[in-house]
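What follows is the content of data-v9.cif (mmCIF, C-alpha atoms).
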data_protein
#
loop_
_atom_site.label_atom_id
_atom_site.label_comp_id
_atom_site.auth_asym_id
_atom_site.auth_seq_id
_atom_site.Cartn_x
_atom_site.Cartn_y
_atom_site.Cartn_z
CA MET S 1 -21.60 146.00 -146.68
CA GLU S 2 -21.91 142.90 -148.84
CA ALA S 3 -24.31 140.20 -147.67
CA ASN S 4 -22.80 137.39 -145.66
CA THR S 5 -22.90 134.24 -147.81
CA ARG S 6 -21.86 131.87 -145.01
CA SER S 7 -24.30 129.49 -143.36
CA THR S 8 -24.84 131.68 -140.28
CA GLY S 9 -27.45 133.72 -142.17
CA ARG S 10 -26.47 136.88 -140.27
CA LEU S 11 -26.70 140.31 -141.86
CA PRO S 12 -23.66 142.59 -141.77
CA ALA S 13 -23.55 144.94 -138.77
CA ALA S 14 -24.26 147.94 -141.02
CA PHE S 15 -27.81 146.70 -141.62
CA LEU S 16 -28.48 146.32 -137.91
CA THR S 17 -27.11 149.70 -136.77
CA PRO S 18 -29.77 152.34 -135.95
CA GLY S 19 -29.46 155.48 -138.03
CA SER S 20 -31.18 157.89 -140.37
CA SER S 21 -34.36 157.02 -142.25
CA SER S 22 -32.61 158.21 -145.41
CA PHE S 23 -31.20 155.43 -147.57
CA MET S 24 -28.80 157.96 -149.14
CA ASP S 25 -27.36 158.75 -145.70
CA PHE S 26 -27.03 155.01 -145.01
CA LEU S 27 -25.24 154.43 -148.30
CA GLY S 28 -23.09 157.52 -147.84
CA THR S 29 -21.92 156.25 -144.45
CA HIS S 30 -21.14 152.63 -145.35
CA GLN S 31 -20.46 152.61 -149.09
CA PRO S 32 -20.15 156.26 -150.28
CA GLN S 33 -18.50 155.26 -153.55
CA LEU S 34 -21.81 153.70 -154.68
CA LEU S 35 -23.57 157.08 -154.80
CA PRO S 36 -23.69 158.32 -158.41
CA GLY S 37 -22.12 161.68 -157.62
CA ASN S 38 -19.16 160.11 -155.76
CA ARG S 39 -17.91 157.90 -158.54
CA PRO S 40 -14.50 158.95 -159.86
CA LEU S 41 -14.37 160.02 -163.50
CA PRO S 42 -11.35 159.96 -165.82
CA PRO S 43 -9.80 163.33 -166.73
CA LEU S 44 -12.04 165.27 -169.11
CA GLN S 45 -10.77 164.94 -172.68
CA GLY S 46 -13.46 166.95 -174.45
CA ALA S 47 -17.21 166.62 -174.71
CA VAL S 48 -18.68 163.41 -173.29
CA GLU S 49 -20.78 161.52 -175.83
CA ALA S 50 -23.59 159.82 -173.93
CA PRO S 51 -27.29 159.35 -174.69
CA HIS S 52 -29.41 162.23 -173.47
CA GLY S 53 -33.12 162.29 -172.76
CA THR S 54 -35.03 165.40 -173.64
CA THR S 55 -38.50 166.88 -173.31
CA ILE S 56 -40.71 166.29 -170.27
CA VAL S 57 -43.98 168.17 -169.70
CA ALA S 58 -46.51 168.35 -166.87
CA ALA S 59 -49.89 169.99 -166.35
CA SER S 60 -52.19 170.09 -163.35
CA PHE S 61 -55.97 169.91 -163.40
CA PRO S 62 -58.65 169.90 -160.70
CA GLY S 63 -58.20 166.46 -159.18
CA GLY S 64 -54.66 165.63 -160.24
CA VAL S 65 -51.62 166.18 -162.41
CA VAL S 66 -50.36 164.78 -165.74
CA LEU S 67 -46.67 164.03 -166.38
CA ALA S 68 -45.52 162.97 -169.86
CA GLY S 69 -42.36 162.59 -171.90
CA ASP S 70 -41.30 161.86 -175.45
CA ARG S 71 -39.38 158.68 -176.32
CA ARG S 72 -36.24 159.89 -178.10
CA ALA S 73 -32.69 159.80 -176.74
CA THR S 74 -29.92 161.52 -178.70
CA MET S 75 -26.13 161.39 -178.69
CA GLY S 76 -24.87 164.49 -180.43
CA ASN S 77 -26.59 164.59 -183.81
CA VAL S 78 -27.42 160.86 -183.69
CA ILE S 79 -30.66 159.28 -182.46
CA ALA S 80 -29.36 156.88 -179.83
CA GLN S 81 -32.74 155.31 -179.01
CA ARG S 82 -36.25 155.87 -180.33
CA ASP S 83 -38.28 154.28 -177.55
CA ILE S 84 -36.54 155.18 -174.28
CA GLU S 85 -38.78 155.60 -171.24
CA LYS S 86 -38.29 158.86 -169.35
CA VAL S 87 -41.24 158.92 -166.94
CA PHE S 88 -41.27 156.66 -163.87
CA PRO S 89 -43.39 156.25 -160.75
CA ALA S 90 -41.56 157.49 -157.65
CA ASP S 91 -44.11 155.95 -155.32
CA GLU S 92 -47.89 155.51 -155.17
CA TYR S 93 -48.63 159.25 -155.34
CA SER S 94 -45.77 160.77 -157.34
CA ALA S 95 -43.78 160.41 -160.54
CA VAL S 96 -40.56 161.78 -161.98
CA GLY S 97 -39.60 162.55 -165.58
CA ILE S 98 -35.94 162.69 -166.58
CA ALA S 99 -34.07 165.01 -168.91
CA GLY S 100 -30.31 164.96 -169.26
CA THR S 101 -27.75 162.14 -169.31
CA ALA S 102 -29.94 159.06 -169.62
CA GLY S 103 -27.80 156.50 -167.79
CA ILE S 104 -27.21 158.66 -164.71
CA ALA S 105 -30.81 159.88 -164.74
CA VAL S 106 -32.26 156.36 -164.69
CA GLU S 107 -29.89 155.37 -161.89
CA MET S 108 -30.90 158.47 -159.93
CA VAL S 109 -34.58 157.60 -160.34
CA LYS S 110 -34.00 154.07 -159.02
CA LEU S 111 -32.13 155.47 -156.03
CA PHE S 112 -34.94 157.98 -155.45
CA GLN S 113 -37.54 155.20 -155.51
CA LEU S 114 -35.48 153.25 -152.99
CA GLU S 115 -35.05 156.35 -150.84
CA LEU S 116 -38.81 156.84 -150.55
CA GLU S 117 -39.45 153.15 -149.87
CA HIS S 118 -36.70 153.03 -147.24
CA PHE S 119 -38.14 156.06 -145.43
CA GLU S 120 -41.61 154.53 -145.39
CA LYS S 121 -40.35 151.25 -143.94
CA VAL S 122 -38.17 152.85 -141.28
CA GLU S 123 -40.57 155.60 -140.20
CA GLY S 124 -43.82 153.70 -140.77
CA THR S 125 -45.32 156.64 -142.66
CA VAL S 126 -45.16 158.18 -146.12
CA LEU S 127 -42.95 161.20 -146.72
CA SER S 128 -44.91 164.34 -147.62
CA LEU S 129 -44.85 165.51 -151.25
CA GLU S 130 -42.81 168.52 -150.17
CA GLY S 131 -40.37 166.18 -148.45
CA LYS S 132 -40.08 164.02 -151.56
CA ALA S 133 -39.32 167.09 -153.66
CA ASN S 134 -36.61 168.12 -151.18
CA ARG S 135 -35.02 164.65 -151.20
CA LEU S 136 -34.81 164.74 -154.99
CA SER S 137 -33.24 168.20 -154.80
CA THR S 138 -30.52 166.81 -152.52
CA MET S 139 -29.80 163.98 -154.95
CA ILE S 140 -29.45 166.37 -157.89
CA ARG S 141 -27.10 168.57 -155.87
CA GLY S 142 -24.98 165.50 -155.15
CA ASN S 143 -24.53 165.05 -158.91
CA LEU S 144 -23.16 168.59 -159.40
CA GLY S 145 -19.60 167.37 -159.98
CA MET S 146 -20.72 165.22 -162.90
CA ALA S 147 -23.01 167.98 -164.18
CA MET S 148 -20.00 170.30 -164.45
CA GLN S 149 -18.43 167.69 -166.74
CA GLY S 150 -21.45 167.56 -169.01
CA LEU S 151 -23.37 164.73 -167.32
CA ALA S 152 -26.26 166.76 -165.96
CA VAL S 153 -29.67 165.47 -164.86
CA VAL S 154 -32.62 167.88 -164.73
CA PRO S 155 -35.85 166.07 -163.79
CA LEU S 156 -39.46 167.18 -163.45
CA PHE S 157 -41.30 165.92 -160.37
CA ALA S 158 -45.07 165.80 -159.97
CA GLY S 159 -47.52 164.21 -157.60
CA TRP S 160 -50.72 164.33 -155.61
CA ASP S 161 -50.40 166.14 -152.29
CA VAL S 162 -52.63 164.14 -149.94
CA ASP S 163 -52.48 166.92 -147.32
CA ARG S 164 -53.45 169.79 -149.62
CA GLU S 165 -55.59 167.56 -151.86
CA LYS S 166 -54.18 168.90 -155.12
CA GLY S 167 -51.67 168.04 -157.82
CA ARG S 168 -48.32 169.82 -157.64
CA ILE S 169 -45.35 170.17 -160.02
CA PHE S 170 -41.69 170.83 -159.13
CA SER S 171 -38.88 171.74 -161.52
CA TYR S 172 -35.12 171.73 -160.84
CA ASP S 173 -31.84 173.12 -162.10
CA VAL S 174 -28.48 171.32 -162.23
CA THR S 175 -27.47 172.66 -158.79
CA GLY S 176 -30.50 171.10 -157.12
CA GLY S 177 -32.44 174.36 -156.97
CA ARG S 178 -36.15 173.59 -156.70
CA SER S 179 -39.13 175.61 -157.88
CA GLU S 180 -42.82 174.83 -157.63
CA GLU S 181 -44.58 175.45 -160.94
CA GLN S 182 -48.14 176.71 -161.22
CA GLY S 183 -50.38 175.07 -163.80
CA PHE S 184 -47.83 173.55 -166.15
CA ALA S 185 -44.09 173.07 -166.67
CA ALA S 186 -41.58 171.66 -169.12
CA THR S 187 -37.90 170.72 -169.05
CA GLY S 188 -35.37 169.45 -171.57
CA SER S 189 -34.17 170.68 -174.94
CA GLY S 190 -37.68 171.09 -176.34
CA SER S 191 -39.07 172.76 -173.23
CA MET S 192 -39.18 176.23 -174.79
CA PHE S 193 -41.52 175.05 -177.53
CA ALA S 194 -43.55 172.76 -175.26
CA ARG S 195 -44.07 175.55 -172.74
CA GLY S 196 -45.18 177.91 -175.49
CA SER S 197 -47.72 175.34 -176.66
CA LEU S 198 -49.05 174.80 -173.14
CA LYS S 199 -49.44 178.56 -172.64
CA LYS S 200 -52.03 178.56 -175.42
CA LEU S 201 -53.75 175.31 -174.45
CA TYR S 202 -53.79 175.41 -170.66
CA ARG S 203 -56.79 176.39 -168.56
CA ASP S 204 -57.43 176.06 -164.84
CA ASP S 205 -60.58 174.00 -165.42
CA LEU S 206 -59.21 171.28 -167.71
CA THR S 207 -60.57 167.80 -167.33
CA GLU S 208 -58.15 164.88 -167.08
CA ASP S 209 -58.71 163.98 -170.75
CA GLN S 210 -58.12 167.58 -171.83
CA ALA S 211 -54.94 167.82 -169.75
CA VAL S 212 -53.64 164.63 -171.36
CA THR S 213 -54.43 166.01 -174.82
CA ALA S 214 -52.66 169.28 -173.93
CA VAL S 215 -49.39 167.62 -172.86
CA VAL S 216 -49.31 165.29 -175.87
CA GLN S 217 -49.98 168.30 -178.13
CA ALA S 218 -47.13 170.16 -176.40
CA LEU S 219 -44.75 167.25 -177.10
CA TYR S 220 -45.94 167.18 -180.70
CA ASP S 221 -45.21 170.92 -181.05
CA ALA S 222 -41.79 170.55 -179.38
CA ALA S 223 -40.87 167.78 -181.83
CA ASP S 224 -41.67 170.14 -184.72
CA ASP S 225 -38.88 172.53 -183.72
CA ASP S 226 -36.45 170.48 -181.60
CA SER S 227 -34.58 167.66 -183.33
CA ALA S 228 -33.82 165.96 -179.98
CA THR S 229 -37.54 165.55 -179.20
CA GLY S 230 -39.37 162.66 -180.81
CA GLY S 231 -42.97 163.18 -181.82
CA PRO S 232 -45.58 160.40 -182.00
CA ASP S 233 -44.23 157.80 -184.46
CA LEU S 234 -47.34 156.33 -186.10
CA ALA S 235 -45.37 154.00 -188.38
CA ARG S 236 -43.35 152.38 -185.57
CA ARG S 237 -46.17 152.75 -183.03
CA ILE S 238 -43.99 154.70 -180.62
CA PHE S 239 -45.97 157.16 -178.54
CA PRO S 240 -45.20 159.39 -175.54
CA ILE S 241 -45.32 158.02 -172.02
CA VAL S 242 -48.30 159.61 -170.27
CA THR S 243 -48.97 159.24 -166.55
CA VAL S 244 -51.64 160.71 -164.29
CA ILE S 245 -51.51 161.02 -160.50
CA THR S 246 -54.74 161.64 -158.58
CA ASP S 247 -56.10 160.79 -155.14
CA ASP S 248 -56.45 157.25 -156.49
CA GLY S 249 -52.68 157.11 -157.01
CA TYR S 250 -50.34 156.73 -159.97
CA LYS S 251 -51.67 155.53 -163.32
CA ARG S 252 -49.87 155.07 -166.63
CA TYR S 253 -51.94 155.37 -169.78
CA SER S 254 -51.80 152.34 -172.05
CA GLU S 255 -50.24 152.50 -175.50
CA ALA S 256 -53.71 152.17 -177.04
CA GLU S 257 -55.02 155.15 -175.04
CA VAL S 258 -52.06 157.39 -175.92
CA SER S 259 -52.24 156.21 -179.53
CA GLU S 260 -55.84 157.37 -179.75
CA VAL S 261 -54.94 160.84 -178.45
CA ALA S 262 -51.89 161.13 -180.71
CA ARG S 263 -53.79 160.05 -183.82
CA ALA S 264 -56.55 162.58 -183.12
CA ILE S 265 -53.95 165.34 -182.85
CA HIS S 266 -52.26 164.12 -186.04
CA GLU S 267 -55.54 164.14 -187.97
CA ARG S 268 -56.30 167.65 -186.82
CA ARG S 269 -52.77 168.72 -187.74
CA LEU S 270 -53.40 167.49 -191.28
CA GLU S 271 -56.44 169.74 -191.40
CA GLU S 272 -54.63 172.71 -189.83
CA PRO S 273 -50.91 172.49 -190.72
CA ASP S 274 -50.03 175.53 -188.59
CA GLY S 275 -51.31 173.81 -185.46
CA PRO S 276 -54.73 173.00 -184.04
CA ARG S 277 -56.11 176.11 -182.38
CA ALA S 278 -59.10 174.20 -181.02
CA ALA S 279 -57.43 170.98 -179.88
CA LEU S 280 -59.30 170.98 -176.59
CA LEU S 281 -62.72 172.03 -177.89
#
In structure tokens, what does this structure look like?
Amino acid sequence: MEANTRSTGRLPAAFLTPGSSSFMDFLGTHQPQLLPGNRPLPPLQGAVEAPHGTTIVAASFPGGVVLAGDRRATMGNVIAQRDIEKVFPADEYSAVGIAGTAGIAVEMVKLFQLELEHFEKVEGTVLSLEGKANRLSTMIRGNLGMAMQGLAVVPLFAGWDVDREKGRIFSYDVTGGRSEEQGFAATGSGSMFARGSLKKLYRDDLTEDQAVTAVVQALYDAADDDSATGGPDLARRIFPIVTVITDDGYKRYSEAEVSEVARAIHERRLEEPDGPRAALL
């Protein structure tokens, strides 16, 4: 399926053959070994040491949804990277946050982005949010063989449903099982603590600013109890990635904007060491 480098300028026949609007199906037909889940692995000789991404959180509000992630990647008991990015736009109206084996997760996100773009170009229309969630489920299921060897990917998917006119959140397990979450969700090693924090902070009538504060607070709380989750690093100026998807599309908050939220939470934490009970008031 490699491009023809001769002077004829012709594309290989594979690119000109009518078929499915799914790029994964196209790749699976012509070059199946390029799919992440089809790559052969050496015999398992014990635990695989690879950087892992951790906590991702999401919260919906009237008018949209917030998706955010911390910046730490770990490899066993070692901090592999302090400023990894775990939240990516999937397309104009959706985003995906990754938890699990970082290298495979990032590759899966890139393939997912290409899958959605390919569908739009072939069909001339955008896949529904439900359809996007199903496509991601299929990709995760295709990685099951690697997941059984310790290279799992468990993302969180969120977006604006243009048909229902609301923000929606989808969580997954390693087998590709998909669940729609109501209100808020978390995944990754610090998800237990982040979800507990969001239970106390979440309301149905949050504004966008309050929802952003809630998810950053949840990441802060998760970092208190989970060593694999990195809290806001004021000294190094490393802050969570925060994205918002509304009917205007995908938007990533700037470092300055997230810094302002994180510093406000930090100042309140200094005043109330056990945790700000009125963070949103």
I'd like the neighbourhood of region 187-203 of chain S as a PDB file with C-alpha atoms, keeping the file's coordinate frame, where a residue qualifies if any of its atoms comes within 9 Å (using only C-alpha atoms), though same-chain residues fewer than 3 positions away should be ignored.
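Saved the output as around_35.pdb:
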ATOM      1  CA  GLY S  53     -33.120 162.290-172.760  1.00  0.00           C
ATOM      2  CA  THR S  54     -35.030 165.400-173.640  1.00  0.00           C
ATOM      3  CA  THR S  55     -38.500 166.880-173.310  1.00  0.00           C
ATOM      4  CA  ILE S  56     -40.710 166.290-170.270  1.00  0.00           C
ATOM      5  CA  VAL S  57     -43.980 168.170-169.700  1.00  0.00           C
ATOM      6  CA  ALA S  59     -49.890 169.990-166.350  1.00  0.00           C
ATOM      7  CA  PHE S  61     -55.970 169.910-163.400  1.00  0.00           C
ATOM      8  CA  ILE S  98     -35.940 162.690-166.580  1.00  0.00           C
ATOM      9  CA  ALA S  99     -34.070 165.010-168.910  1.00  0.00           C
ATOM     10  CA  GLY S 100     -30.310 164.960-169.260  1.00  0.00           C
ATOM     11  CA  VAL S 154     -32.620 167.880-164.730  1.00  0.00           C
ATOM     12  CA  PRO S 155     -35.850 166.070-163.790  1.00  0.00           C
ATOM     13  CA  LEU S 156     -39.460 167.180-163.450  1.00  0.00           C
ATOM     14  CA  SER S 171     -38.880 171.740-161.520  1.00  0.00           C
ATOM     15  CA  TYR S 172     -35.120 171.730-160.840  1.00  0.00           C
ATOM     16  CA  GLY S 183     -50.380 175.070-163.800  1.00  0.00           C
ATOM     17  CA  PHE S 184     -47.830 173.550-166.150  1.00  0.00           C
ATOM     18  CA  LEU S 206     -59.210 171.280-167.710  1.00  0.00           C
ATOM     19  CA  ALA S 211     -54.940 167.820-169.750  1.00  0.00           C
ATOM     20  CA  ALA S 214     -52.660 169.280-173.930  1.00  0.00           C
ATOM     21  CA  VAL S 215     -49.390 167.620-172.860  1.00  0.00           C
ATOM     22  CA  GLN S 217     -49.980 168.300-178.130  1.00  0.00           C
ATOM     23  CA  ALA S 218     -47.130 170.160-176.400  1.00  0.00           C
ATOM     24  CA  LEU S 219     -44.750 167.250-177.100  1.00  0.00           C
ATOM     25  CA  TYR S 220     -45.940 167.180-180.700  1.00  0.00           C
ATOM     26  CA  ASP S 221     -45.210 170.920-181.050  1.00  0.00           C
ATOM     27  CA  ALA S 222     -41.790 170.550-179.380  1.00  0.00           C
ATOM     28  CA  ALA S 223     -40.870 167.780-181.830  1.00  0.00           C
ATOM     29  CA  ASP S 224     -41.670 170.140-184.720  1.00  0.00           C
ATOM     30  CA  ASP S 225     -38.880 172.530-183.720  1.00  0.00           C
ATOM     31  CA  ASP S 226     -36.450 170.480-181.600  1.00  0.00           C
ATOM     32  CA  SER S 227     -34.580 167.660-183.330  1.00  0.00           C
ATOM     33  CA  ALA S 228     -33.820 165.960-179.980  1.00  0.00           C
ATOM     34  CA  THR S 229     -37.540 165.550-179.200  1.00  0.00           C
ATOM     35  CA  ARG S 277     -56.110 176.110-182.380  1.00  0.00           C
ATOM     36  CA  ALA S 278     -59.100 174.200-181.020  1.00  0.00           C
ATOM     37  CA  ALA S 279     -57.430 170.980-179.880  1.00  0.00           C
ATOM     38  CA  LEU S 280     -59.300 170.980-176.590  1.00  0.00           C
TER      39      LEU S 280
END
Which residues, written as a PyMOL selection string, have at least one atom at most 12 Å from Ile238 (chain S), with all atoms listed in the file counted and residues fewer than 5 positions away on the same chain left out?
chain S and resi 69-72+81-85+230-233+254-256+258-259+262-263
Can I get the selected residues back with C-alpha atoms, as a PDB file, keeping the file's coordinate frame?
ATOM      1  CA  GLY S  69     -42.360 162.590-171.900  1.00  0.00           C
ATOM      2  CA  ASP S  70     -41.300 161.860-175.450  1.00  0.00           C
ATOM      3  CA  ARG S  71     -39.380 158.680-176.320  1.00  0.00           C
ATOM      4  CA  ARG S  72     -36.240 159.890-178.100  1.00  0.00           C
ATOM      5  CA  GLN S  81     -32.740 155.310-179.010  1.00  0.00           C
ATOM      6  CA  ARG S  82     -36.250 155.870-180.330  1.00  0.00           C
ATOM      7  CA  ASP S  83     -38.280 154.280-177.550  1.00  0.00           C
ATOM      8  CA  ILE S  84     -36.540 155.180-174.280  1.00  0.00           C
ATOM      9  CA  GLU S  85     -38.780 155.600-171.240  1.00  0.00           C
ATOM     10  CA  GLY S 230     -39.370 162.660-180.810  1.00  0.00           C
ATOM     11  CA  GLY S 231     -42.970 163.180-181.820  1.00  0.00           C
ATOM     12  CA  PRO S 232     -45.580 160.400-182.000  1.00  0.00           C
ATOM     13  CA  ASP S 233     -44.230 157.800-184.460  1.00  0.00           C
ATOM     14  CA  SER S 254     -51.800 152.340-172.050  1.00  0.00           C
ATOM     15  CA  GLU S 255     -50.240 152.500-175.500  1.00  0.00           C
ATOM     16  CA  ALA S 256     -53.710 152.170-177.040  1.00  0.00           C
ATOM     17  CA  VAL S 258     -52.060 157.390-175.920  1.00  0.00           C
ATOM     18  CA  SER S 259     -52.240 156.210-179.530  1.00  0.00           C
ATOM     19  CA  ALA S 262     -51.890 161.130-180.710  1.00  0.00           C
ATOM     20  CA  ARG S 263     -53.790 160.050-183.820  1.00  0.00           C
TER      21      ARG S 263
END
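Put simply, CA of Asn134 (chain S) is 16.7 Å away from CA of Pro89 (chain S).
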Pull out every residue that the PyMOL selection byres ((chain S and resi 143) around 12) matches in the shown coordinates and put them as a VMD selection string.
chain S and resid 35 to 40 100 to 101 104 to 105 107 to 108 136 to 142 144 to 154 173 to 176
Prev. selection, C-alpha atoms, output as an mmCIF file, in the frame of the given file:
data_model
loop_
_atom_site.group_PDB
_atom_site.id
_atom_site.type_symbol
_atom_site.label_atom_id
_atom_site.label_comp_id
_atom_site.auth_asym_id
_atom_site.auth_seq_id
_atom_site.Cartn_x
_atom_site.Cartn_y
_atom_site.Cartn_z
ATOM 1 C CA LEU S 35 -23.570 157.080 -154.800
ATOM 2 C CA PRO S 36 -23.690 158.320 -158.410
ATOM 3 C CA GLY S 37 -22.120 161.680 -157.620
ATOM 4 C CA ASN S 38 -19.160 160.110 -155.760
ATOM 5 C CA ARG S 39 -17.910 157.900 -158.540
ATOM 6 C CA PRO S 40 -14.500 158.950 -159.860
ATOM 7 C CA GLY S 100 -30.310 164.960 -169.260
ATOM 8 C CA THR S 101 -27.750 162.140 -169.310
ATOM 9 C CA ILE S 104 -27.210 158.660 -164.710
ATOM 10 C CA ALA S 105 -30.810 159.880 -164.740
ATOM 11 C CA GLU S 107 -29.890 155.370 -161.890
ATOM 12 C CA MET S 108 -30.900 158.470 -159.930
ATOM 13 C CA LEU S 136 -34.810 164.740 -154.990
ATOM 14 C CA SER S 137 -33.240 168.200 -154.800
ATOM 15 C CA THR S 138 -30.520 166.810 -152.520
ATOM 16 C CA MET S 139 -29.800 163.980 -154.950
ATOM 17 C CA ILE S 140 -29.450 166.370 -157.890
ATOM 18 C CA ARG S 141 -27.100 168.570 -155.870
ATOM 19 C CA GLY S 142 -24.980 165.500 -155.150
ATOM 20 C CA LEU S 144 -23.160 168.590 -159.400
ATOM 21 C CA GLY S 145 -19.600 167.370 -159.980
ATOM 22 C CA MET S 146 -20.720 165.220 -162.900
ATOM 23 C CA ALA S 147 -23.010 167.980 -164.180
ATOM 24 C CA MET S 148 -20.000 170.300 -164.450
ATOM 25 C CA GLN S 149 -18.430 167.690 -166.740
ATOM 26 C CA GLY S 150 -21.450 167.560 -169.010
ATOM 27 C CA LEU S 151 -23.370 164.730 -167.320
ATOM 28 C CA ALA S 152 -26.260 166.760 -165.960
ATOM 29 C CA VAL S 153 -29.670 165.470 -164.860
ATOM 30 C CA VAL S 154 -32.620 167.880 -164.730
ATOM 31 C CA ASP S 173 -31.840 173.120 -162.100
ATOM 32 C CA VAL S 174 -28.480 171.320 -162.230
ATOM 33 C CA THR S 175 -27.470 172.660 -158.790
ATOM 34 C CA GLY S 176 -30.500 171.100 -157.120
#
All residues 7 Å or closer to Gly63 (chain S), only C-alpha atoms, same chain fewer than 2 positions away omitted, as a list in words
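Returned residues: Phe61, Lys166, Gly167 and Thr246 of chain S.
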Could you jot down the CA of Val212 (chain S) to CA of Ala185 (chain S) separation for me, Å, one decimal place?
13.6 Å
